[in-house]
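To start, the structure itself, in structure tokens.
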2 protein chains.
Amino acid sequence: MKRVKLIVAYDGTNYHGWQVQPNGETIEGVLNRTLSSLLGEKIIVTGASRTDAGVHSMGNVAVFDTKSRIPAEKISYALNQRLPEDIVVQKSEEVPAAFHPRHCDSRKTYEYRILNREFPLPMYRNNTYFCYRKLDLEKMQQAAEYLRGEHDFKSFCAAAAVVETTVRTIYELTVSRQEDIITIRVTGNGFLYNMVRIIAGTLLQAGMGMIEPEEIKTILAAKERSAAGPTAPAQGLTMIGIEYL
Amino acid sequence: MKRVKLIVAYDGTNYHGWQVQPNGETIEGVLNRTLSSLLGEKIIVTGASRTDAGVHSMGNVAVFDTKSRIPAEKISYALNQRLPEDIVVQKSEEVPAAFHPRHCDSRKTYEYRILNREFPLPMYRNNTYFCYRKLDLEKMQQAAEYLRGEHDFKSFCAAAAVVETTVRTIYELTVSRQEDIITIRVTGNGFLYNMVRIIAGTLLQAGMGMIEPEEIKTILAAKERSAAGPTAPAQGLTMIGIEYL
């Protein structure tokens, strides 16, 4: 028996998110089915980031246990031949049996991309959030500064989520523009449910002048979901990668 | 009667190219139908670049004549409300009746994008050509230099095409890399059928070491389609924009 770690990239447009659910195809479901048929045993993967419907990935992580004698690093090639073209495994490797993609310490990186111009561009419709109101990049950058570091991010957590603690550390949070695309890139030791999308929705408000950058302090202090901005739409979000420490 | 110019962006993935044809939906077909229903008269657009199936656009140009009293610059807004989400008009404006998108002097710019890494990334599958063989950027740049300027591009024209002259001028041709994406950007006074895709296919051969950069000279001199590289796949190509002189 060995434990295999996969790095999984996907276009989330046509999936009901990562996690298996009764009505609708999911990334996890496709991986379980494809791996089971490839390896000839029942495989159930465990994912690191259980991304929502419409969210994309360049480097999500999943592990599974197998009795197969196929070398772990060859599994990616065999798997990609059977996966649909919107899911591509970037790497497969053996890891210690104690490795768990969610319980081991890690730094996760996400990007939220906004297309900021007068009219949308069709090529970007599934992987950016379109905003025609001119965004003030500097204000977004100033607002982002208040979010860096360790904070109680309760205001940036979907109200229904049940978690032990809402304290998280954001190591890096940058807002940059390249032509018409504004990218919010955030690295942290973990993220609450919808946290990156709520951060994006709040930075969007700062960019539109609806809130002042300093107000982020008040929003954090409120520890109340309603204090922060709206949850920005899923299609702008991409799981970039996870570094295990 | 007035002549209206449209700047049209589209994701060409789901279309059989620009030009109306009996079997399959086209960009031109959708524009004709949508404009006719919006303006209440039969509209037939004339396009600048009759892009192939799977080719994309950020700035193709089309014109049409209308009796409508809707101000030309408002047509884009009304039209976008009725167009599918993979076609978005970026601008509409009145132009002189003598303006013709193909017969007036212009500088056209195209980009050909290559995703160069070990495994494909699903988000890029429809707007890049995936190449896992490591490409030598410098060799591609060196090869590109030989194509700049005025040349007889007969070797870079699809064999079946019938044209008066195969002489064209390339004003700019750059090859750049950003992370895993190599972008070939070319601006010229006009392009022969498949010319940009054949240039891309030939620069790819230079990047893979299958030809030496200097061989471009021999390829141009041959005036024979078979001398150049293959026609690179459609999905990597995007019509960027057209500047009328």
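Residue numbering restarts at 1 in every chain; chains get A, B, ... in the order shown in the structure tokens, and ligands count up from 1 in that same order.
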Chain A contacts on chain B, only C-alpha atoms, 6 Å, as an NGL selection string: :B and (10-11 or 86 or 90 or 119 or 122-123)
Taking the backbone alone, and naming residues the way the document does, which bits of range 67-180 of chain A are strand (DSSP E) by DSSP, as a PDB file with C-alpha atoms, in the first residue's frame?
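Written out: states02.pdb:
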ATOM      1  CA  ILE A  87      -8.820  18.252 -15.672  1.00  0.00           C
ATOM      2  CA  VAL A  88      -5.064  17.667 -16.013  1.00  0.00           C
ATOM      3  CA  VAL A  89      -2.825  16.138 -13.347  1.00  0.00           C
ATOM      4  CA  GLN A  90       0.467  18.066 -13.258  1.00  0.00           C
ATOM      5  CA  LYS A  91       2.421  15.649 -11.088  1.00  0.00           C
ATOM      6  CA  SER A  92       2.060  12.410  -9.128  1.00  0.00           C
ATOM      7  CA  GLU A  93       4.472  11.231  -6.448  1.00  0.00           C
ATOM      8  CA  GLU A  94       4.604   8.924  -3.464  1.00  0.00           C
ATOM      9  CA  VAL A  95       4.309  10.573  -0.044  1.00  0.00           C
ATOM     10  CA  SER A 106       0.927  24.546   4.432  1.00  0.00           C
ATOM     11  CA  ARG A 107       0.959  27.845   2.609  1.00  0.00           C
ATOM     12  CA  LYS A 108      -1.848  28.109   0.103  1.00  0.00           C
ATOM     13  CA  THR A 109      -1.905  30.618  -2.734  1.00  0.00           C
ATOM     14  CA  TYR A 110      -4.994  31.838  -4.591  1.00  0.00           C
ATOM     15  CA  GLU A 111      -5.517  34.432  -7.277  1.00  0.00           C
ATOM     16  CA  TYR A 112      -8.648  36.422  -7.929  1.00  0.00           C
ATOM     17  CA  ARG A 113      -8.723  38.078 -11.348  1.00  0.00           C
ATOM     18  CA  ILE A 114     -10.861  41.030 -12.376  1.00  0.00           C
ATOM     19  CA  LEU A 115     -11.316  42.201 -15.967  1.00  0.00           C
ATOM     20  CA  ASN A 116     -11.667  45.977 -15.637  1.00  0.00           C
ATOM     21  CA  TYR A 129     -14.889  38.687 -12.914  1.00  0.00           C
ATOM     22  CA  PHE A 130     -15.906  41.492 -15.238  1.00  0.00           C
ATOM     23  CA  CYS A 131     -16.197  44.980 -13.712  1.00  0.00           C
ATOM     24  CA  GLY A 149      -0.633  39.303   8.971  1.00  0.00           C
ATOM     25  CA  GLU A 150      -2.506  37.361  11.621  1.00  0.00           C
ATOM     26  CA  HIS A 151      -6.096  38.422  12.210  1.00  0.00           C
ATOM     27  CA  ASP A 152      -9.427  37.057  13.239  1.00  0.00           C
ATOM     28  CA  VAL A 167      -7.881  33.302  13.139  1.00  0.00           C
ATOM     29  CA  ARG A 168      -5.684  32.976  10.050  1.00  0.00           C
ATOM     30  CA  THR A 169      -2.388  34.415   8.828  1.00  0.00           C
ATOM     31  CA  ILE A 170      -2.013  36.080   5.457  1.00  0.00           C
ATOM     32  CA  TYR A 171       1.664  36.067   4.475  1.00  0.00           C
ATOM     33  CA  GLU A 172       1.304  37.903   1.211  1.00  0.00           C
ATOM     34  CA  LEU A 173      -1.483  39.871  -0.406  1.00  0.00           C
ATOM     35  CA  THR A 174      -0.761  41.846  -3.546  1.00  0.00           C
ATOM     36  CA  VAL A 175      -2.961  43.679  -6.022  1.00  0.00           C
ATOM     37  CA  SER A 176      -1.438  44.289  -9.446  1.00  0.00           C
ATOM     38  CA  ARG A 177      -2.675  45.356 -12.852  1.00  0.00           C
ATOM     39  CA  GLN A 178      -1.552  44.146 -16.238  1.00  0.00           C
TER      40      GLN A 178
END
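Proximity ranking of A:Ser226, A:Asn189, A:Asn32, A:Gln81 relative to Val63 in chain A places A:Asn32 first, based on only C-alpha atoms.
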Can you give me chain A superposed onto chain B, least-squares on all Cα in order, written as a compact mmCIF listing (two decimals) with C-alpha atoms, in the first residue's frame?
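Written output follows (superposed_14.txt):
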# COMPACT_ATOMS: atom_id res chain seq x y z
CA MET A 1 -28.42 55.68 -44.67
CA LYS A 2 -25.23 55.49 -42.63
CA ARG A 3 -22.27 53.15 -42.45
CA VAL A 4 -21.47 51.78 -39.02
CA LYS A 5 -18.15 50.24 -37.97
CA LEU A 6 -18.06 47.65 -35.21
CA ILE A 7 -15.08 46.38 -33.24
CA VAL A 8 -15.90 42.78 -32.46
CA ALA A 9 -14.32 40.52 -29.82
CA TYR A 10 -15.12 36.82 -29.71
CA ASP A 11 -14.17 33.47 -28.36
CA GLY A 12 -14.03 31.44 -31.57
CA THR A 13 -14.12 28.04 -29.85
CA ASN A 14 -17.74 27.27 -30.66
CA TYR A 15 -17.92 28.81 -34.14
CA HIS A 16 -17.15 27.66 -37.65
CA GLY A 17 -15.10 30.81 -38.20
CA TRP A 18 -16.13 34.29 -39.28
CA GLN A 19 -17.67 33.78 -42.67
CA VAL A 20 -21.25 32.60 -43.22
CA GLN A 21 -21.36 29.01 -44.42
CA PRO A 22 -24.15 26.49 -44.95
CA ASN A 23 -23.31 24.04 -42.16
CA GLY A 24 -22.45 25.59 -38.84
CA GLU A 25 -22.82 28.79 -36.84
CA THR A 26 -20.43 31.63 -37.67
CA ILE A 27 -19.61 35.03 -36.13
CA GLU A 28 -20.81 36.84 -39.25
CA GLY A 29 -24.04 34.83 -39.23
CA VAL A 30 -24.79 35.71 -35.61
CA LEU A 31 -24.04 39.40 -36.23
CA ASN A 32 -26.24 39.51 -39.35
CA ARG A 33 -29.15 37.88 -37.54
CA THR A 34 -28.85 39.89 -34.35
CA LEU A 35 -28.41 43.24 -36.13
CA SER A 36 -31.33 42.51 -38.47
CA SER A 37 -33.61 41.78 -35.54
CA LEU A 38 -32.35 44.77 -33.54
CA LEU A 39 -32.66 47.27 -36.39
CA GLY A 40 -35.71 45.81 -38.14
CA GLU A 41 -34.11 45.65 -41.59
CA LYS A 42 -31.95 43.12 -43.37
CA ILE A 43 -28.33 43.71 -42.34
CA ILE A 44 -25.29 42.09 -43.89
CA VAL A 45 -21.94 42.88 -42.30
CA THR A 46 -18.59 42.96 -44.09
CA GLY A 47 -15.69 41.77 -41.99
CA ALA A 48 -12.04 42.77 -42.06
CA SER A 49 -10.44 39.49 -41.02
CA ARG A 50 -12.35 36.36 -42.02
CA THR A 51 -10.93 34.26 -39.22
CA ASP A 52 -10.98 30.46 -39.34
CA ALA A 53 -12.87 28.12 -37.02
CA GLY A 54 -11.42 28.22 -33.51
CA VAL A 55 -9.58 31.54 -34.01
CA HIS A 56 -10.37 34.31 -31.50
CA SER A 57 -10.60 38.08 -31.66
CA MET A 58 -10.15 41.08 -29.41
CA GLY A 59 -10.57 43.62 -32.21
CA ASN A 60 -11.87 42.38 -35.53
CA VAL A 61 -13.72 45.01 -37.59
CA ALA A 62 -17.04 44.78 -39.40
CA VAL A 63 -19.15 47.40 -41.16
CA PHE A 64 -22.78 47.55 -42.27
CA ASP A 65 -25.19 50.08 -43.70
CA THR A 66 -28.41 50.96 -41.95
CA LYS A 67 -31.35 53.33 -42.17
CA SER A 68 -31.78 53.14 -38.40
CA ARG A 69 -31.95 56.36 -36.40
CA ILE A 70 -30.25 54.79 -33.38
CA PRO A 71 -27.02 56.76 -32.94
CA ALA A 72 -24.14 54.61 -34.22
CA GLU A 73 -22.25 54.74 -30.91
CA LYS A 74 -25.30 53.39 -29.01
CA ILE A 75 -25.64 50.31 -31.20
CA SER A 76 -22.87 48.45 -29.31
CA TYR A 77 -24.87 48.56 -26.06
CA ALA A 78 -28.15 47.41 -27.63
CA LEU A 79 -26.34 44.72 -29.62
CA ASN A 80 -24.43 43.29 -26.66
CA GLN A 81 -27.71 42.74 -24.83
CA ARG A 82 -28.78 40.39 -27.60
CA LEU A 83 -25.50 38.71 -28.53
CA PRO A 84 -24.39 35.41 -26.97
CA GLU A 85 -21.73 35.83 -24.29
CA ASP A 86 -18.91 34.64 -26.56
CA ILE A 87 -19.33 37.63 -28.92
CA VAL A 88 -19.01 41.16 -27.50
CA VAL A 89 -18.94 44.36 -29.55
CA GLN A 90 -16.32 46.71 -28.07
CA LYS A 91 -17.29 49.83 -29.98
CA SER A 92 -19.67 51.09 -32.67
CA GLU A 93 -19.23 54.33 -34.59
CA GLU A 94 -20.30 55.96 -37.83
CA VAL A 95 -17.74 55.95 -40.64
CA PRO A 96 -17.72 57.50 -44.14
CA ALA A 97 -19.63 55.51 -46.77
CA ALA A 98 -16.35 54.92 -48.62
CA PHE A 99 -14.82 53.05 -45.70
CA HIS A 100 -14.26 49.36 -46.46
CA PRO A 101 -12.68 47.17 -43.78
CA ARG A 102 -10.62 45.11 -46.25
CA HIS A 103 -9.86 47.57 -49.05
CA CYS A 104 -8.65 50.48 -46.93
CA ASP A 105 -4.97 50.55 -45.92
CA SER A 106 -4.43 49.15 -42.48
CA ARG A 107 -2.03 47.61 -40.01
CA LYS A 108 -3.34 44.37 -38.60
CA THR A 109 -2.03 42.77 -35.43
CA TYR A 110 -2.33 39.10 -34.47
CA GLU A 111 -1.00 37.09 -31.57
CA TYR A 112 -0.21 33.41 -31.53
CA ARG A 113 0.13 31.95 -28.04
CA ILE A 114 1.92 28.74 -27.11
CA LEU A 115 1.67 27.07 -23.70
CA ASN A 116 5.12 25.53 -23.21
CA ARG A 117 5.31 23.24 -20.19
CA GLU A 118 5.28 19.56 -19.31
CA PHE A 119 1.50 19.20 -18.91
CA PRO A 120 -1.30 21.33 -20.34
CA LEU A 121 -3.28 23.70 -18.13
CA PRO A 122 -7.03 23.27 -18.68
CA MET A 123 -7.78 27.01 -18.44
CA TYR A 124 -5.62 27.62 -21.49
CA ARG A 125 -6.80 24.77 -23.68
CA ASN A 126 -8.96 26.90 -25.99
CA ASN A 127 -6.69 29.92 -26.41
CA THR A 128 -3.17 28.52 -26.63
CA TYR A 129 -1.41 25.76 -28.52
CA PHE A 130 0.10 23.32 -26.07
CA CYS A 131 3.70 22.22 -26.71
CA TYR A 132 5.53 20.06 -24.17
CA ARG A 133 8.88 20.13 -26.00
CA LYS A 134 11.08 22.82 -24.47
CA LEU A 135 11.24 25.76 -26.87
CA ASP A 136 14.36 27.87 -27.32
CA LEU A 137 13.03 31.42 -27.16
CA GLU A 138 16.22 32.98 -28.57
CA LYS A 139 16.15 30.77 -31.65
CA MET A 140 12.54 31.74 -32.25
CA GLN A 141 13.44 35.42 -31.88
CA GLN A 142 16.38 35.04 -34.29
CA ALA A 143 14.18 33.28 -36.84
CA ALA A 144 11.55 36.02 -36.49
CA GLU A 145 14.07 38.68 -37.50
CA TYR A 146 14.35 37.20 -40.99
CA LEU A 147 10.62 37.60 -41.52
CA ARG A 148 10.41 41.30 -40.71
CA GLY A 149 10.08 43.76 -43.58
CA GLU A 150 8.73 43.36 -47.09
CA HIS A 151 8.97 39.88 -48.56
CA ASP A 152 7.22 37.57 -50.94
CA PHE A 153 5.49 35.34 -48.38
CA LYS A 154 4.34 32.70 -50.90
CA SER A 155 5.94 29.96 -48.76
CA PHE A 156 3.78 31.17 -45.85
CA CYS A 157 0.48 31.06 -47.72
CA ALA A 158 -1.94 28.10 -47.74
CA ALA A 159 -1.31 26.35 -51.07
CA ALA A 160 -4.90 26.59 -52.29
CA ALA A 161 -5.20 30.39 -51.85
CA VAL A 162 -5.61 32.49 -54.98
CA VAL A 163 -4.29 36.06 -54.61
CA GLU A 164 -2.95 38.81 -56.86
CA THR A 165 0.32 39.14 -55.03
CA THR A 166 1.95 37.30 -52.16
CA VAL A 167 4.18 40.24 -51.24
CA ARG A 168 3.41 41.61 -47.77
CA THR A 169 5.15 43.81 -45.21
CA ILE A 170 5.64 42.77 -41.61
CA TYR A 171 6.23 45.87 -39.49
CA GLU A 172 6.72 44.13 -36.20
CA LEU A 173 7.26 40.54 -35.17
CA THR A 174 8.19 39.76 -31.60
CA VAL A 175 8.46 36.53 -29.63
CA SER A 176 8.26 36.88 -25.85
CA ARG A 177 7.78 34.58 -22.90
CA GLN A 178 5.84 35.20 -19.73
CA GLU A 179 5.99 32.25 -17.37
CA ASP A 180 4.93 29.26 -19.50
CA ILE A 181 3.35 31.23 -22.31
CA ILE A 182 5.24 32.20 -25.44
CA THR A 183 3.54 34.92 -27.46
CA ILE A 184 4.28 35.59 -31.11
CA ARG A 185 2.97 39.06 -31.92
CA VAL A 186 2.92 40.20 -35.51
CA THR A 187 1.81 43.43 -37.17
CA GLY A 188 1.63 43.77 -40.95
CA ASN A 189 -0.13 45.54 -43.78
CA GLY A 190 -2.04 42.38 -44.53
CA PHE A 191 -1.75 38.65 -44.18
CA LEU A 192 -2.14 35.80 -46.65
CA TYR A 193 -4.44 32.89 -45.93
CA ASN A 194 -3.06 31.02 -42.87
CA MET A 195 0.08 33.19 -42.94
CA VAL A 196 0.24 33.86 -39.19
CA ARG A 197 -0.36 30.21 -38.35
CA ILE A 198 2.33 29.09 -40.82
CA ILE A 199 4.74 31.66 -39.35
CA ALA A 200 3.90 30.24 -35.89
CA GLY A 201 4.42 26.67 -37.10
CA THR A 202 7.79 27.62 -38.61
CA LEU A 203 8.95 29.54 -35.52
CA LEU A 204 7.94 26.50 -33.46
CA GLN A 205 10.29 24.40 -35.61
CA ALA A 206 13.07 26.91 -34.93
CA GLY A 207 12.29 26.75 -31.21
CA MET A 208 12.52 22.95 -31.26
CA GLY A 209 15.82 23.01 -33.14
CA MET A 210 14.34 21.33 -36.21
CA ILE A 211 15.51 24.23 -38.38
CA GLU A 212 18.16 26.90 -37.84
CA PRO A 213 17.01 30.54 -37.73
CA GLU A 214 18.98 31.40 -40.93
CA GLU A 215 16.97 28.82 -42.86
CA ILE A 216 14.07 31.29 -42.89
CA LYS A 217 15.93 32.99 -45.77
CA THR A 218 15.87 29.78 -47.81
CA ILE A 219 12.23 29.18 -46.94
CA LEU A 220 11.24 32.67 -48.15
CA ALA A 221 13.31 32.25 -51.33
CA ALA A 222 11.67 28.89 -52.14
CA LYS A 223 8.23 30.51 -52.69
CA GLU A 224 6.76 27.10 -52.03
CA ARG A 225 4.32 26.25 -49.23
CA SER A 226 6.10 22.96 -48.53
CA ALA A 227 9.32 24.79 -47.65
CA ALA A 228 7.81 26.33 -44.49
CA GLY A 229 6.69 24.62 -41.28
CA PRO A 230 3.23 23.24 -40.58
CA THR A 231 0.14 25.42 -40.02
CA ALA A 232 -0.07 25.79 -36.25
CA PRO A 233 -3.51 24.93 -34.77
CA ALA A 234 -6.24 27.57 -34.87
CA GLN A 235 -6.94 27.90 -31.14
CA GLY A 236 -3.57 29.63 -30.49
CA LEU A 237 -4.45 32.54 -32.79
CA THR A 238 -6.12 35.80 -31.78
CA MET A 239 -6.90 38.78 -34.01
CA ILE A 240 -5.76 41.63 -31.76
CA GLY A 241 -6.78 44.69 -33.70
CA ILE A 242 -6.70 46.74 -36.89
CA GLU A 243 -5.46 50.28 -37.27
CA TYR A 244 -6.69 52.09 -40.37
CA LEU A 245 -4.23 54.54 -41.88
